[in-house]
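Remarks on the structure that follows.
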Amino acid sequence: MKSKNVFSHLLFVALLFITLTACQPNHQTFDSDLVSIDIPQTDCFTEEAFGESVTLTSEPFNDSVLHAPRNLAIIGNKLFTVDISSSTDTLVRFYTLPGKQYGGYVYLKGQGPLELISPSAVCASADSSSFWVYDTARQLFIGQPLSLLQTEKPKTMDDCMFLSVPDSLKGGTDDMMWLDDKRILLSDLIHYKERFYIATPDSNDWQGQAVTNPKLHFKDTFDDNILADIFSTRKCITPDHRRVILAGRYLDLLEIYDSQGNLMHLIKGPEDGFKFEFDTERSVTNHILIKSRESRRAYLAVKATSDKIYALYSGKTKEDKEHYSYSRRLYVFSLDGQPLHRFQLDVPIIDFVVDEATGMLYAASDNAEIVCYRIGGDKSDN
């Protein structure tokens, strides 16, 4: 009788273990000499997860302007472009949509109070009433009312708003964007365990919150300068300012946070594993990341609409015929990171923006011009 009770107890324990295990989602572990993660299988994807790709054919935008755009932003009915600073004296321009009329320059290159040296990108205020640009060289965040673009009155110092980065944050901040009407999201080139910072610029020291990712287990096998570059990301905020999306520049990871900095989803794909090749010997000697011909780029740009995430993926190395900083491959995800659609573009692009109102996608191509694609009414809306 006693042996039967023991057997029954062991059988119960075994069945309980099987039941509890079956209730747990299947996990996949990725491990390398750089980082390890363990995430549900449902948060991993391959190219096949998108189904058949949709080919998009570009249309001309406005070929009357000679420039070299590298960043785009849409605020209201204005399309802003940031030019490559080495090629022009006009750094920030704007167009009016949907007619694509050229509106003129916003900022010229220079060291004057209303000029820029090295702008990162254009972003909107929380209520979209003003647009802001961060100058990485001067470490200055400059904003002005969107309504000012409707007038022909030259802007003055009184028209603009200025936020200077405090000494405690100087040196590593490479971009800023408004998270809400009081808080700013800061990108940092020096730190990597801190995925980004949330700061409140209502005091001289800008007391900030460092946001970390509990699912990324770093190995610390190289200098911080090297790892900070490898784990660097592109970032965007959803139009309702409720989610922050990070896309890895060299590792194929998407990180989705809420507006308080809590991780919601960590998405891995489309590559298998975390094998990132670089010139290890020269990087260690020089204490900076030095890429090799085998170094592979991951995400080049990420943008969000009210219900989707758009991510431009490279997957190329320096050995590819097309430059690995440009790509034709555009992924579309839900806001929870689930694969929806894959677009194949007819020309390589470096950055883009989606206009929800008109169903258009505007992009900076490798031919130093803006091109546009019609995405409204296709599979992306189903």
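In the structure tokens, the first chain shown is A, the next is B, and so on; residue numbers restart at 1 for each chain, and ligands run from 1 in the order shown.
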Closest contacts (region 156-216 of chain A/region 103-125 of chain A, max 8 Å, only C-alpha atoms) as JSON lines:
{"residue": "A:Thr156", "atom": "CA", "partner": "A:Leu114", "partner_atom": "CA", "distance": 7.8}
{"residue": "A:Met157", "atom": "CA", "partner": "A:Leu114", "partner_atom": "CA", "distance": 7.2}
{"residue": "A:Asp174", "atom": "CA", "partner": "A:Ser120", "partner_atom": "CA", "distance": 7.2}
{"residue": "A:Asp175", "atom": "CA", "partner": "A:Ser120", "partner_atom": "CA", "distance": 6.1}
{"residue": "A:Met177", "atom": "CA", "partner": "A:Cys123", "partner_atom": "CA", "distance": 5.9}
{"residue": "A:Trp178", "atom": "CA", "partner": "A:Ser125", "partner_atom": "CA", "distance": 5.7}
{"residue": "A:Asp180", "atom": "CA", "partner": "A:Ser125", "partner_atom": "CA", "distance": 7.5}
{"residue": "A:Asp181", "atom": "CA", "partner": "A:Ser125", "partner_atom": "CA", "distance": 7.1}
Selection near Asp43 (chain A), 6 Å with only C-alpha atoms, sequence-local residues under 2 positions removed, as a PyMOL selection string: chain A and resi 40-41+267
Keeping only N, CA and C atoms, write those residues as a JSON list (two decimals), in the first residue's frame.
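Result file follows (result_20.json):
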[["chain", "number", "residue", "atom", "x", "y", "z"],
["A", 40, "PRO", "N", 10.49, 34.53, -25.68],
["A", 40, "PRO", "CA", 9.53, 33.59, -26.25],
["A", 40, "PRO", "C", 9.74, 33.41, -27.75],
["A", 41, "GLN", "N", 9.46, 32.21, -28.21],
["A", 41, "GLN", "CA", 9.60, 31.91, -29.63],
["A", 41, "GLN", "C", 8.72, 32.83, -30.47],
["A", 267, "ILE", "N", 12.00, 42.02, -29.70],
["A", 267, "ILE", "CA", 11.77, 41.25, -30.92],
["A", 267, "ILE", "C", 13.11, 40.95, -31.59]]
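The shell of residues at most 7 Å from Phe162 (chain A), with only C-alpha atoms counted and near chain neighbours (fewer than 3 positions) removed, consists of Leu140, Phe141, Ile142 and Gly143 of chain A.
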Would you save the residues of that selection, restricted to N, CA and C atoms, as a PDB file, in the first residue's frame?
ATOM      1  N   LEU A 140      22.815  71.697 -28.488  1.00  0.00           N
ATOM      2  CA  LEU A 140      21.741  72.660 -28.284  1.00  0.00           C
ATOM      3  C   LEU A 140      20.476  72.156 -28.970  1.00  0.00           C
ATOM      4  N   PHE A 141      19.364  72.208 -28.259  1.00  0.00           N
ATOM      5  CA  PHE A 141      18.055  71.792 -28.757  1.00  0.00           C
ATOM      6  C   PHE A 141      17.277  73.068 -29.077  1.00  0.00           C
ATOM      7  N   ILE A 142      16.945  73.267 -30.366  1.00  0.00           N
ATOM      8  CA  ILE A 142      16.314  74.510 -30.815  1.00  0.00           C
ATOM      9  C   ILE A 142      14.927  74.207 -31.376  1.00  0.00           C
ATOM     10  N   GLY A 143      13.945  74.986 -30.945  1.00  0.00           N
ATOM     11  CA  GLY A 143      12.587  74.811 -31.447  1.00  0.00           C
ATOM     12  C   GLY A 143      11.995  76.119 -31.921  1.00  0.00           C
TER      13      GLY A 143
END
message: Under the rule that only C-alpha atoms are counted, which of A:Phe222, A:Asn262, A:Gln101, A:Ile75 is the nearest residue to Glu281 (chain A)?
response: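 Nearest candidate to Glu281 (chain A) out of A:Phe222, A:Asn262, A:Gln101, A:Ile75: A:Phe222.
Considering the residues A:Pro239, A:Lys316, A:Phe343, A:Ile190 and counting only C-alpha atoms, Asp355 (chain A) has its shortest atom-to-atom contact with A:Pro239.
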message: For region 290-296 of chain A, find every residue with an atom within 8 Å (counting only C-alpha atoms), except residues of its own chain fewer than 5 positions away, and show them as a list in words.
response: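 After dropping sequence-adjacent residues, the list is Tyr250, Phe276, Glu277, Phe278, Asp279, Thr280, Arg282, Ser283, Gly315, Lys316, Thr317, Lys318, Glu319 and Tyr324 of chain A.
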Find the residues near region 185-188 of chain A: any atom within 9 Å, counting only C-alpha atoms, skip ones fewer than 4 places away on the same chain, and give them as a JSON list (two decimals) with C-alpha atoms, in the first residue's frame.
[["chain", "number", "residue", "atom", "x", "y", "z"],
["A", 169, "LEU", "CA", 24.95, 65.06, -20.02],
["A", 171, "GLY", "CA", 29.79, 64.41, -24.42],
["A", 172, "GLY", "CA", 27.49, 61.55, -25.35],
["A", 173, "THR", "CA", 24.08, 62.97, -26.27],
["A", 174, "ASP", "CA", 23.56, 62.57, -30.01],
["A", 175, "ASP", "CA", 19.81, 63.14, -30.36],
["A", 176, "MET", "CA", 16.72, 64.36, -28.52],
["A", 177, "MET", "CA", 12.98, 64.14, -28.99],
["A", 178, "TRP", "CA", 9.98, 65.19, -26.94],
["A", 179, "LEU", "CA", 8.39, 62.31, -25.04],
["A", 192, "TYR", "CA", 24.86, 50.91, -23.89],
["A", 194, "GLU", "CA", 21.32, 52.37, -20.43],
["A", 195, "ARG", "CA", 19.26, 52.02, -23.61],
["A", 196, "PHE", "CA", 18.12, 55.67, -23.42],
["A", 197, "TYR", "CA", 17.44, 58.42, -20.89],
["A", 198, "ILE", "CA", 14.28, 60.30, -19.98],
["A", 199, "ALA", "CA", 15.06, 63.81, -18.74],
["A", 228, "ALA", "CA", 28.26, 51.29, -27.13],
["A", 232, "SER", "CA", 23.57, 51.56, -30.66],
["A", 233, "THR", "CA", 20.05, 51.99, -32.03],
["A", 234, "ARG", "CA", 17.71, 54.09, -34.12],
["A", 235, "LYS", "CA", 14.74, 55.41, -32.17]]
field: Nearby residues (only C-alpha atoms) at most 9 Å from Ser32 (chain A), same-chain spacing under 5 positions excluded, as a ChimeraX atom specification
entry: /A:219,273-275
query: With only C-alpha atoms as the basis for distance, which of A:Thr90, A:Cys44, A:Val284, A:Ala298 is at the shortest distance from Asp224 (chain A)?
result: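 Using only C-alpha atoms, Asp224 (chain A) sits closest to A:Val284.
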task: Grab the CA of Pro166 (chain A) to CA of Pro201 (chain A) distance for me, in Å with one decimal place.
output: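 A separation of 9.2 Å between them.
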message: For Lys303 (chain A), find every residue with an atom within 10 Å (counting only C-alpha atoms), except residues of its own chain fewer than 5 positions away, and show them as a list in words.
response: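 Here the qualifying residues turn out to be Ala73, Arg234, Lys235, Cys236, Ile237, Thr238, Pro239, Ile245, Leu246, Ala247, Lys308, Ile309, Tyr310, Ala311, Leu312, Val332, Asp351, Phe352, Val353 and Val354 of chain A.
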query: From the set A:Phe61, A:His341, A:Phe50, A:Arg183, which residue has the shortest atom-to-atom contact distance to Gln209 (chain A), counting only C-alpha atoms?
result: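 Looking only at the distances to Gln209 (chain A), the closest residue turns out to be A:Arg183.
Considering the residues A:Met360, A:Ala68, A:Ile37, A:Ile184 and counting only C-alpha atoms, His241 (chain A) has its shortest atom-to-atom contact with A:Ile184.
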- prompt: Nearest to Asp202 (chain A) among A:Ser129, A:Ser164, A:Thr57, A:Asn225, with distances taken over only C-alpha atoms: which residue is it?
  reply: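 Closest residue, counting only C-alpha atoms: A:Ser164.
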